[in-house]
$ cat model-v9.pdb   # PDB, C-alpha atoms
ATOM      1  CA  MET G 222     -12.298  10.265  57.561  1.00  0.00           C
ATOM      2  CA  SER G 223     -15.883  10.712  56.448  1.00  0.00           C
ATOM      3  CA  ARG G 224     -18.636   9.087  58.497  1.00  0.00           C
ATOM      4  CA  SER G 225     -19.857   7.058  55.513  1.00  0.00           C
ATOM      5  CA  PHE G 226     -16.356   5.696  54.881  1.00  0.00           C
ATOM      6  CA  PHE G 227     -15.930   4.751  58.536  1.00  0.00           C
ATOM      7  CA  LEU G 228     -19.338   3.049  58.645  1.00  0.00           C
ATOM      8  CA  ARG G 229     -18.634   1.112  55.470  1.00  0.00           C
ATOM      9  CA  ILE G 230     -15.483  -0.389  56.964  1.00  0.00           C
ATOM     10  CA  ASP G 231     -17.301  -1.019  60.253  1.00  0.00           C
ATOM     11  CA  ASN G 232     -20.152  -2.853  58.525  1.00  0.00           C
ATOM     12  CA  GLU G 233     -17.804  -4.932  56.382  1.00  0.00           C
ATOM     13  CA  VAL G 234     -15.560  -6.145  59.216  1.00  0.00           C
ATOM     14  CA  ARG G 235     -18.511  -6.935  61.507  1.00  0.00           C
ATOM     15  CA  ALA G 236     -20.189  -8.956  58.761  1.00  0.00           C
ATOM     16  CA  HIS G 237     -16.959 -10.830  58.023  1.00  0.00           C
ATOM     17  CA  ASP G 238     -15.854 -11.572  61.591  1.00  0.00           C
ATOM     18  CA  ASN G 239     -18.112 -11.567  64.652  1.00  0.00           C
ATOM     19  CA  TYR G 240     -15.057 -10.693  66.755  1.00  0.00           C
ATOM     20  CA  PHE G 241     -15.863  -7.056  65.972  1.00  0.00           C
ATOM     21  CA  MET G 242     -19.483  -7.399  67.075  1.00  0.00           C
ATOM     22  CA  GLN G 243     -20.342  -5.977  70.493  1.00  0.00           C
ATOM     23  CA  ARG G 244     -21.010  -8.817  72.924  1.00  0.00           C
ATOM     24  CA  MET G 245     -21.910  -9.226  76.566  1.00  0.00           C
ATOM     25  CA  ASP G 246     -19.131 -10.126  78.968  1.00  0.00           C
ATOM     26  CA  SER G 247     -19.322 -12.740  81.724  1.00  0.00           C
ATOM     27  CA  CYS G 248     -21.018 -10.235  84.036  1.00  0.00           C
ATOM     28  CA  ARG G 249     -23.667  -9.466  81.395  1.00  0.00           C
ATOM     29  CA  PHE G 250     -22.275  -5.998  80.707  1.00  0.00           C
ATOM     30  CA  PRO G 251     -21.826  -4.769  77.117  1.00  0.00           C
ATOM     31  CA  GLY G 252     -18.289  -5.340  75.883  1.00  0.00           C
ATOM     32  CA  LEU G 253     -16.242  -3.208  73.513  1.00  0.00           C
ATOM     33  CA  SER G 254     -18.126  -1.822  70.542  1.00  0.00           C
ATOM     34  CA  SER G 255     -16.830  -1.989  66.986  1.00  0.00           C
ATOM     35  CA  PHE G 256     -16.567   1.817  67.029  1.00  0.00           C
ATOM     36  CA  GLN G 257     -14.167   1.655  69.975  1.00  0.00           C
ATOM     37  CA  LYS G 258     -12.047  -1.013  68.336  1.00  0.00           C
ATOM     38  CA  LEU G 259     -11.861   0.687  64.935  1.00  0.00           C
ATOM     39  CA  THR G 260     -11.141   4.112  66.406  1.00  0.00           C
ATOM     40  CA  ALA G 261      -8.187   2.722  68.338  1.00  0.00           C
ATOM     41  CA  ILE G 262      -6.927   0.845  65.256  1.00  0.00           C
ATOM     42  CA  PHE G 263      -7.136   3.866  62.961  1.00  0.00           C
ATOM     43  CA  ARG G 264      -5.256   6.036  65.427  1.00  0.00           C
ATOM     44  CA  LEU G 265      -2.505   3.441  65.688  1.00  0.00           C
ATOM     45  CA  LEU G 266      -2.154   3.215  61.913  1.00  0.00           C
ATOM     46  CA  ALA G 267      -2.437   6.938  61.250  1.00  0.00           C
ATOM     47  CA  TYR G 268      -0.226   8.300  64.021  1.00  0.00           C
ATOM     48  CA  GLY G 269       1.940   5.374  65.064  1.00  0.00           C
ATOM     49  CA  SER G 270       0.708   5.742  68.634  1.00  0.00           C
ATOM     50  CA  PRO G 271       1.861   3.174  71.212  1.00  0.00           C
ATOM     51  CA  VAL G 272      -0.772   0.538  71.894  1.00  0.00           C
ATOM     52  CA  ASP G 273      -0.909   1.322  75.604  1.00  0.00           C
ATOM     53  CA  ALA G 274      -2.048   4.866  74.753  1.00  0.00           C
ATOM     54  CA  THR G 275      -5.427   3.603  73.521  1.00  0.00           C
ATOM     55  CA  ASP G 276      -6.689   2.959  77.031  1.00  0.00           C
ATOM     56  CA  GLY G 277      -7.034   6.672  77.736  1.00  0.00           C
ATOM     57  CA  TYR G 278      -9.561   7.467  74.995  1.00  0.00           C
ATOM     58  CA  ALA G 279     -10.928   4.104  73.800  1.00  0.00           C
ATOM     59  CA  LYS G 280     -10.835   2.179  77.099  1.00  0.00           C
ATOM     60  CA  ILE G 281      -8.989  -0.725  75.469  1.00  0.00           C
ATOM     61  CA  GLY G 282      -6.122  -2.541  77.154  1.00  0.00           C
ATOM     62  CA  GLU G 283      -2.768  -3.094  75.474  1.00  0.00           C
ATOM     63  CA  SER G 284      -3.109  -6.824  74.725  1.00  0.00           C
ATOM     64  CA  THR G 285      -6.656  -6.377  73.420  1.00  0.00           C
ATOM     65  CA  CYS G 286      -5.538  -3.518  71.200  1.00  0.00           C
ATOM     66  CA  ILE G 287      -2.771  -5.649  69.670  1.00  0.00           C
ATOM     67  CA  GLU G 288      -5.266  -8.434  68.983  1.00  0.00           C
ATOM     68  CA  ASN G 289      -7.668  -5.911  67.419  1.00  0.00           C
ATOM     69  CA  LEU G 290      -4.959  -4.578  65.111  1.00  0.00           C
ATOM     70  CA  LYS G 291      -3.859  -8.026  63.942  1.00  0.00           C
ATOM     71  CA  ARG G 292      -7.413  -9.153  63.250  1.00  0.00           C
ATOM     72  CA  PHE G 293      -8.312  -5.908  61.516  1.00  0.00           C
ATOM     73  CA  CYS G 294      -5.346  -6.044  59.119  1.00  0.00           C
ATOM     74  CA  ARG G 295      -6.184  -9.647  58.258  1.00  0.00           C
ATOM     75  CA  GLU G 296      -9.850  -8.781  57.700  1.00  0.00           C
ATOM     76  CA  ILE G 297      -9.036  -5.836  55.440  1.00  0.00           C
ATOM     77  CA  VAL G 298      -6.892  -8.059  53.223  1.00  0.00           C
ATOM     78  CA  GLU G 299      -9.554 -10.765  53.043  1.00  0.00           C
ATOM     79  CA  ILE G 300     -12.427  -8.352  52.393  1.00  0.00           C
ATOM     80  CA  PHE G 301     -10.928  -5.767  50.062  1.00  0.00           C
ATOM     81  CA  SER G 302      -8.007  -7.499  48.339  1.00  0.00           C
ATOM     82  CA  TYR G 303     -10.102  -8.455  45.298  1.00  0.00           C
ATOM     83  CA  GLN G 304     -10.936  -4.811  44.664  1.00  0.00           C
ATOM     84  CA  TYR G 305      -8.054  -2.724  45.995  1.00  0.00           C
ATOM     85  CA  LEU G 306      -5.034  -4.854  46.994  1.00  0.00           C
ATOM     86  CA  ARG G 307      -4.225  -6.217  43.556  1.00  0.00           C
ATOM     87  CA  SER G 308      -2.346  -5.427  40.385  1.00  0.00           C
ATOM     88  CA  PRO G 309      -4.137  -3.006  38.052  1.00  0.00           C
ATOM     89  CA  THR G 310      -6.212  -4.466  35.228  1.00  0.00           C
ATOM     90  CA  ALA G 311      -6.003  -3.294  31.621  1.00  0.00           C
ATOM     91  CA  ASN G 312      -8.964  -0.974  32.251  1.00  0.00           C
ATOM     92  CA  ASP G 313      -7.321   0.399  35.402  1.00  0.00           C
ATOM     93  CA  ILE G 314      -4.105   1.118  33.521  1.00  0.00           C
ATOM     94  CA  ALA G 315      -5.941   2.849  30.692  1.00  0.00           C
ATOM     95  CA  MET G 316      -7.795   5.049  33.187  1.00  0.00           C
ATOM     96  CA  LEU G 317      -4.606   5.924  35.089  1.00  0.00           C
ATOM     97  CA  LEU G 318      -2.705   6.802  31.936  1.00  0.00           C
ATOM     98  CA  SER G 319      -5.556   8.985  30.689  1.00  0.00           C
ATOM     99  CA  VAL G 320      -5.945  10.896  33.964  1.00  0.00           C
ATOM    100  CA  ASN G 321      -2.218  11.449  34.378  1.00  0.00           C
ATOM    101  CA  ALA G 322      -1.726  12.474  30.755  1.00  0.00           C
ATOM    102  CA  GLU G 323      -4.123  15.351  31.412  1.00  0.00           C
ATOM    103  CA  LYS G 324      -1.720  16.468  34.155  1.00  0.00           C
ATOM    104  CA  GLY G 325       1.137  16.554  31.637  1.00  0.00           C
ATOM    105  CA  PHE G 326       2.832  13.246  32.536  1.00  0.00           C
ATOM    106  CA  LEU G 327       2.483  10.788  29.662  1.00  0.00           C
ATOM    107  CA  GLY G 328       2.986   7.181  30.776  1.00  0.00           C
ATOM    108  CA  MET G 329       2.648   7.949  34.496  1.00  0.00           C
ATOM    109  CA  LEU G 330       0.888   5.228  36.527  1.00  0.00           C
ATOM    110  CA  GLY G 331       0.808   7.106  39.823  1.00  0.00           C
ATOM    111  CA  GLY G 332       2.812   8.703  42.586  1.00  0.00           C
ATOM    112  CA  LEU G 333       4.663   7.066  45.464  1.00  0.00           C
ATOM    113  CA  ASP G 334       5.431   8.334  48.920  1.00  0.00           C
ATOM    114  CA  TYR G 335       7.378   6.489  51.646  1.00  0.00           C
ATOM    115  CA  TYR G 336       4.513   7.084  54.080  1.00  0.00           C
ATOM    116  CA  ASP G 337       2.459   4.765  51.852  1.00  0.00           C
ATOM    117  CA  LEU G 338       4.837   1.961  52.716  1.00  0.00           C
ATOM    118  CA  TRP G 339       5.090   2.689  56.410  1.00  0.00           C
ATOM    119  CA  ILE G 340       1.406   3.189  57.159  1.00  0.00           C
ATOM    120  CA  TRP G 341       0.684  -0.512  56.605  1.00  0.00           C
ATOM    121  CA  HIS G 342       3.779  -1.616  58.562  1.00  0.00           C
ATOM    122  CA  PRO G 343       3.652   0.273  61.888  1.00  0.00           C
ATOM    123  CA  TYR G 344       6.057  -2.151  63.592  1.00  0.00           C
ATOM    124  CA  PHE G 345       8.936  -1.238  61.257  1.00  0.00           C
ATOM    125  CA  GLY G 346       9.345   2.231  62.775  1.00  0.00           C
ATOM    126  CA  MET G 347       9.087   5.665  61.278  1.00  0.00           C
ATOM    127  CA  PRO G 348       9.793   6.231  57.577  1.00  0.00           C
ATOM    128  CA  GLY G 349      12.901   7.899  56.290  1.00  0.00           C
ATOM    129  CA  THR G 350      15.218   5.312  57.859  1.00  0.00           C
ATOM    130  CA  ASN G 351      16.797   2.025  56.818  1.00  0.00           C
ATOM    131  CA  ASN G 352      13.407   0.442  57.484  1.00  0.00           C
ATOM    132  CA  ASP G 353      12.277   1.716  54.092  1.00  0.00           C
ATOM    133  CA  ILE G 354      14.565  -0.850  52.475  1.00  0.00           C
ATOM    134  CA  ILE G 355      12.769  -3.605  54.401  1.00  0.00           C
ATOM    135  CA  LEU G 356       9.428  -2.346  53.142  1.00  0.00           C
ATOM    136  CA  LEU G 357      10.648  -2.105  49.559  1.00  0.00           C
ATOM    137  CA  GLU G 358      11.807  -5.697  49.637  1.00  0.00           C
ATOM    138  CA  SER G 359       8.489  -6.930  51.045  1.00  0.00           C
ATOM    139  CA  SER G 360       6.369  -5.235  48.365  1.00  0.00           C
ATOM    140  CA  HIS G 361       5.161  -7.146  45.311  1.00  0.00           C
ATOM    141  CA  LEU G 362       4.962  -3.886  43.413  1.00  0.00           C
ATOM    142  CA  PHE G 363       8.598  -3.066  44.036  1.00  0.00           C
ATOM    143  CA  SER G 364       9.815  -6.560  43.278  1.00  0.00           C
ATOM    144  CA  ASN G 365       8.604  -5.952  39.727  1.00  0.00           C
ATOM    145  CA  LEU G 366       9.868  -2.386  39.543  1.00  0.00           C
ATOM    146  CA  ALA G 367      13.314  -3.511  40.695  1.00  0.00           C
ATOM    147  CA  GLN G 368      13.451  -5.792  37.665  1.00  0.00           C
ATOM    148  CA  GLY G 369      12.368  -3.010  35.335  1.00  0.00           C
ATOM    149  CA  ILE G 370       8.874  -4.462  34.982  1.00  0.00           C
ATOM    150  CA  ALA G 371       5.911  -2.091  34.867  1.00  0.00           C
ATOM    151  CA  PRO G 372       2.512  -2.175  33.134  1.00  0.00           C
ATOM    152  CA  PRO G 373       2.788  -1.457  29.389  1.00  0.00           C
ATOM    153  CA  ALA G 374       2.260   2.107  28.222  1.00  0.00           C
ATOM    154  CA  HIS G 375       2.968   3.458  24.760  1.00  0.00           C
ATOM    155  CA  TYR G 376       3.751   7.139  24.392  1.00  0.00           C
ATOM    156  CA  VAL G 377       6.190   9.514  22.692  1.00  0.00           C
ATOM    157  CA  ILE G 378       8.156  12.325  24.360  1.00  0.00           C
ATOM    158  CA  GLN G 379      10.316  14.603  22.210  1.00  0.00           C
ATOM    159  CA  GLY G 380      10.445  12.037  19.435  1.00  0.00           C
ATOM    160  CA  THR G 381      11.453   9.114  21.682  1.00  0.00           C
ATOM    161  CA  LYS G 382       9.075   6.159  21.958  1.00  0.00           C
ATOM    162  CA  TYR G 383       8.476   4.493  25.312  1.00  0.00           C
ATOM    163  CA  ASN G 384       6.594   1.287  26.067  1.00  0.00           C
ATOM    164  CA  MET G 385       6.601   1.097  29.862  1.00  0.00           C
ATOM    165  CA  GLY G 386       4.824   3.107  32.539  1.00  0.00           C
ATOM    166  CA  TYR G 387       6.475   4.723  35.542  1.00  0.00           C
ATOM    167  CA  TYR G 388       5.725   6.154  38.984  1.00  0.00           C
ATOM    168  CA  LEU G 389       6.627   9.562  40.358  1.00  0.00           C
ATOM    169  CA  ALA G 390       8.815   9.328  43.464  1.00  0.00           C
ATOM    170  CA  ASP G 391      11.111  11.374  45.665  1.00  0.00           C
ATOM    171  CA  SER G 392      14.823  10.955  46.330  1.00  0.00           C
ATOM    172  CA  ILE G 393      14.442   8.267  49.005  1.00  0.00           C
ATOM    173  CA  TYR G 394      13.664   5.705  46.303  1.00  0.00           C
ATOM    174  CA  PRO G 395      16.295   3.889  44.194  1.00  0.00           C
ATOM    175  CA  LYS G 396      17.233   5.318  40.807  1.00  0.00           C
ATOM    176  CA  TRP G 397      15.279   2.878  38.639  1.00  0.00           C
ATOM    177  CA  SER G 398      13.949   3.392  35.140  1.00  0.00           C
ATOM    178  CA  THR G 399      10.441   2.716  36.470  1.00  0.00           C
ATOM    179  CA  LEU G 400      10.666   5.598  38.981  1.00  0.00           C
ATOM    180  CA  LEU G 401      10.780   9.250  37.936  1.00  0.00           C
ATOM    181  CA  GLN G 402      12.406  11.202  40.748  1.00  0.00           C
ATOM    182  CA  ILE G 403      12.337  14.890  41.492  1.00  0.00           C
ATOM    183  CA  ILE G 404      15.248  17.119  40.485  1.00  0.00           C
ATOM    184  CA  HIS G 405      17.009  18.358  43.611  1.00  0.00           C
ATOM    185  CA  LYS G 406      18.166  21.965  43.626  1.00  0.00           C
ATOM    186  CA  PRO G 407      17.037  22.723  40.079  1.00  0.00           C
ATOM    187  CA  THR G 408      18.877  25.647  38.520  1.00  0.00           C
ATOM    188  CA  SER G 409      17.505  26.211  35.027  1.00  0.00           C
ATOM    189  CA  PRO G 410      13.920  27.446  34.432  1.00  0.00           C
ATOM    190  CA  ARG G 411      13.164  24.173  32.660  1.00  0.00           C
ATOM    191  CA  LYS G 412      14.270  22.041  35.604  1.00  0.00           C
ATOM    192  CA  LYS G 413      12.469  24.296  38.082  1.00  0.00           C
ATOM    193  CA  CYS G 414       9.256  23.920  36.076  1.00  0.00           C
ATOM    194  CA  PHE G 415       9.624  20.128  36.042  1.00  0.00           C
ATOM    195  CA  ALA G 416      10.243  20.006  39.802  1.00  0.00           C
ATOM    196  CA  ARG G 417       7.101  22.058  40.493  1.00  0.00           C
ATOM    197  CA  GLN G 418       4.934  19.874  38.261  1.00  0.00           C
ATOM    198  CA  GLN G 419       6.376  16.641  39.638  1.00  0.00           C
ATOM    199  CA  GLU G 420       5.773  17.704  43.245  1.00  0.00           C
ATOM    200  CA  ALA G 421       2.252  18.870  42.406  1.00  0.00           C
ATOM    201  CA  CYS G 422       1.331  15.469  40.970  1.00  0.00           C
ATOM    202  CA  ARG G 423       2.817  13.595  43.908  1.00  0.00           C
ATOM    203  CA  LYS G 424       0.637  15.627  46.266  1.00  0.00           C
ATOM    204  CA  ASP G 425      -2.301  13.433  45.222  1.00  0.00           C
ATOM    205  CA  VAL G 426      -0.937  10.336  46.918  1.00  0.00           C
ATOM    206  CA  GLU G 427       0.297  12.312  49.940  1.00  0.00           C
ATOM    207  CA  ARG G 428      -3.175  13.791  50.464  1.00  0.00           C
ATOM    208  CA  ALA G 429      -4.841  10.405  50.010  1.00  0.00           C
ATOM    209  CA  PHE G 430      -2.795   8.803  52.780  1.00  0.00           C
ATOM    210  CA  GLY G 431      -3.125  11.953  54.843  1.00  0.00           C
ATOM    211  CA  VAL G 432      -6.905  11.413  54.823  1.00  0.00           C
ATOM    212  CA  LEU G 433      -6.452   7.818  55.952  1.00  0.00           C
TER     213      LEU G 433
END
$ encode --input "model-v9.pdb" --output "structure tokens"
Amino acid sequence: MSRSFFLRIDNEVRAHDNYFMQRMDSCRFPGLSSFQKLTAIFRLLAYGSPVDATDGYAKIGESTCIENLKRFCREIVEIFSYQYLRSPTANDIAMLLSVNAEKGFLGMLGGLDYYDLWIWHPYFGMPGTNNDIILLESSHLFSNLAQGIAPPAHYVIQGTKYNMGYYLADSIYPKWSTLLQIIHKPTSPRKKCFARQQEACRKDVERAFGVL
């Protein structure tokens, strides 16, 4: 994570909730800094580390770390939901369709990866298990996709007209019309080409969450 990105989040959460401000304890010693708290939180979210492991490098006890994580997740939703945690606007959709069309996928809204789901739900366990079904059911995005509802997109592929966007996904996802899955064990040159291009586009979302 870049320093500027880290500092932006640090400044935002401290301005929104003084819990993340460094304060003096009852003995007049400086308490935990926001850097300590955020570092421990990011490691928990990124690696799924146990909360009692934070004491070794951030000097934060288990109960305090749990409280930090709960407050941080709540603050992120309250601070950034208006800009990032929302459904795409008409301008957002137009931008996404234009960018993805340049990659050769007309009507594509984005790529999905099961780590995207898990990273915000560390208590559900590692991805690739039955827990993914729990995450799917708790997502507003997937409640629409399950009903065949996706933002409108008008495009033509090999003479067939389509009026709904879709997301690239891997085989762990359900076989819905709103999800375009990879072809497993492709045999023909055409299918092999599609599999390469589909995986290449999905790398964008994998790299994005890898940075986080």
$ axis_aligned_box --input "model-v9.pdb" --around "stretch 387-396 of chain G" --padding-each-side "3 Å" --output "lines of an AutoDock Vina configuration file"
center_x = 11.5
center_y = 7.6
center_z = 42.3
size_x = 17.5
size_y = 13.5
size_z = 19.5
$ residues_around --input "model-v9.pdb" --residues "stretch 305-308 of chain G" --least-positions-apart "6" --cutoff "10 Å" --atoms "all atoms listed in the file" --output "ChimeraX atom specification"
/G:297-299,314,361-362,372
$ write_last_selection --input "model-v9.pdb" --atoms "C-alpha atoms" --output "PDB file, in the coordinates of the input"
ATOM      1  CA  ILE G 297      -9.036  -5.836  55.440  1.00  0.00           C
ATOM      2  CA  VAL G 298      -6.892  -8.059  53.223  1.00  0.00           C
ATOM      3  CA  GLU G 299      -9.554 -10.765  53.043  1.00  0.00           C
ATOM      4  CA  ILE G 314      -4.105   1.118  33.521  1.00  0.00           C
ATOM      5  CA  HIS G 361       5.161  -7.146  45.311  1.00  0.00           C
ATOM      6  CA  LEU G 362       4.962  -3.886  43.413  1.00  0.00           C
ATOM      7  CA  PRO G 372       2.512  -2.175  33.134  1.00  0.00           C
TER       8      PRO G 372
END
$ residues_around --input "model-v9.pdb" --residues "G:Gly332" --least-positions-apart "3" --cutoff "8 Å" --atoms "all atoms listed in the file" --output "number ranges by chain"
G: 388-390, 422-423, 425-426
$ closest_residue --input "model-v9.pdb" --among "G:Gly369, G:Pro271, G:Tyr383, G:Leu266" --to "G:Lys396" --atoms "all atoms listed in the file"
G:Gly369
$ atom_distance --input "model-v9.pdb" --atom1 "atom CA of G:Ile300" --atom2 "atom CA of G:Tyr240"
14.8 Å
$ atom_distance --input "model-v9.pdb" --atom1 "atom CA of G:Asp231" --atom2 "atom CA of G:Asp313"
26.8 Å
$ resolve_selection --input "model-v9.pdb" --expression "the PyMOL selection byres ((chain G and resi 317) around 12)" --output "NGL selection string"
:G and (309-316 or 318-324 or 326-332 or 372-374 or 386-388)
$ atom_distance --input "model-v9.pdb" --atom1 "atom CA of G:Phe227" --atom2 "atom CA of G:Phe293"
13.4 Å
$ closest_residue --input "model-v9.pdb" --among "G:Met245, G:Ile262, G:Ile403, G:Leu253" --to "G:Ile230" --atoms "all atoms listed in the file"
G:Ile262
$ residues_around --input "model-v9.pdb" --residues "G:Cys294" --least-positions-apart "4" --cutoff "12 Å" --atoms "only C-alpha atoms" --output "list in words"
Ile230, Val234, Leu259, Ile262, Phe263, Leu265, Leu266, Ile287, Glu288, Asn289, Leu290, Val298, Glu299, Ile300, Phe301, Ser302, Ile340, Trp341, His342 and Pro343 of chain G
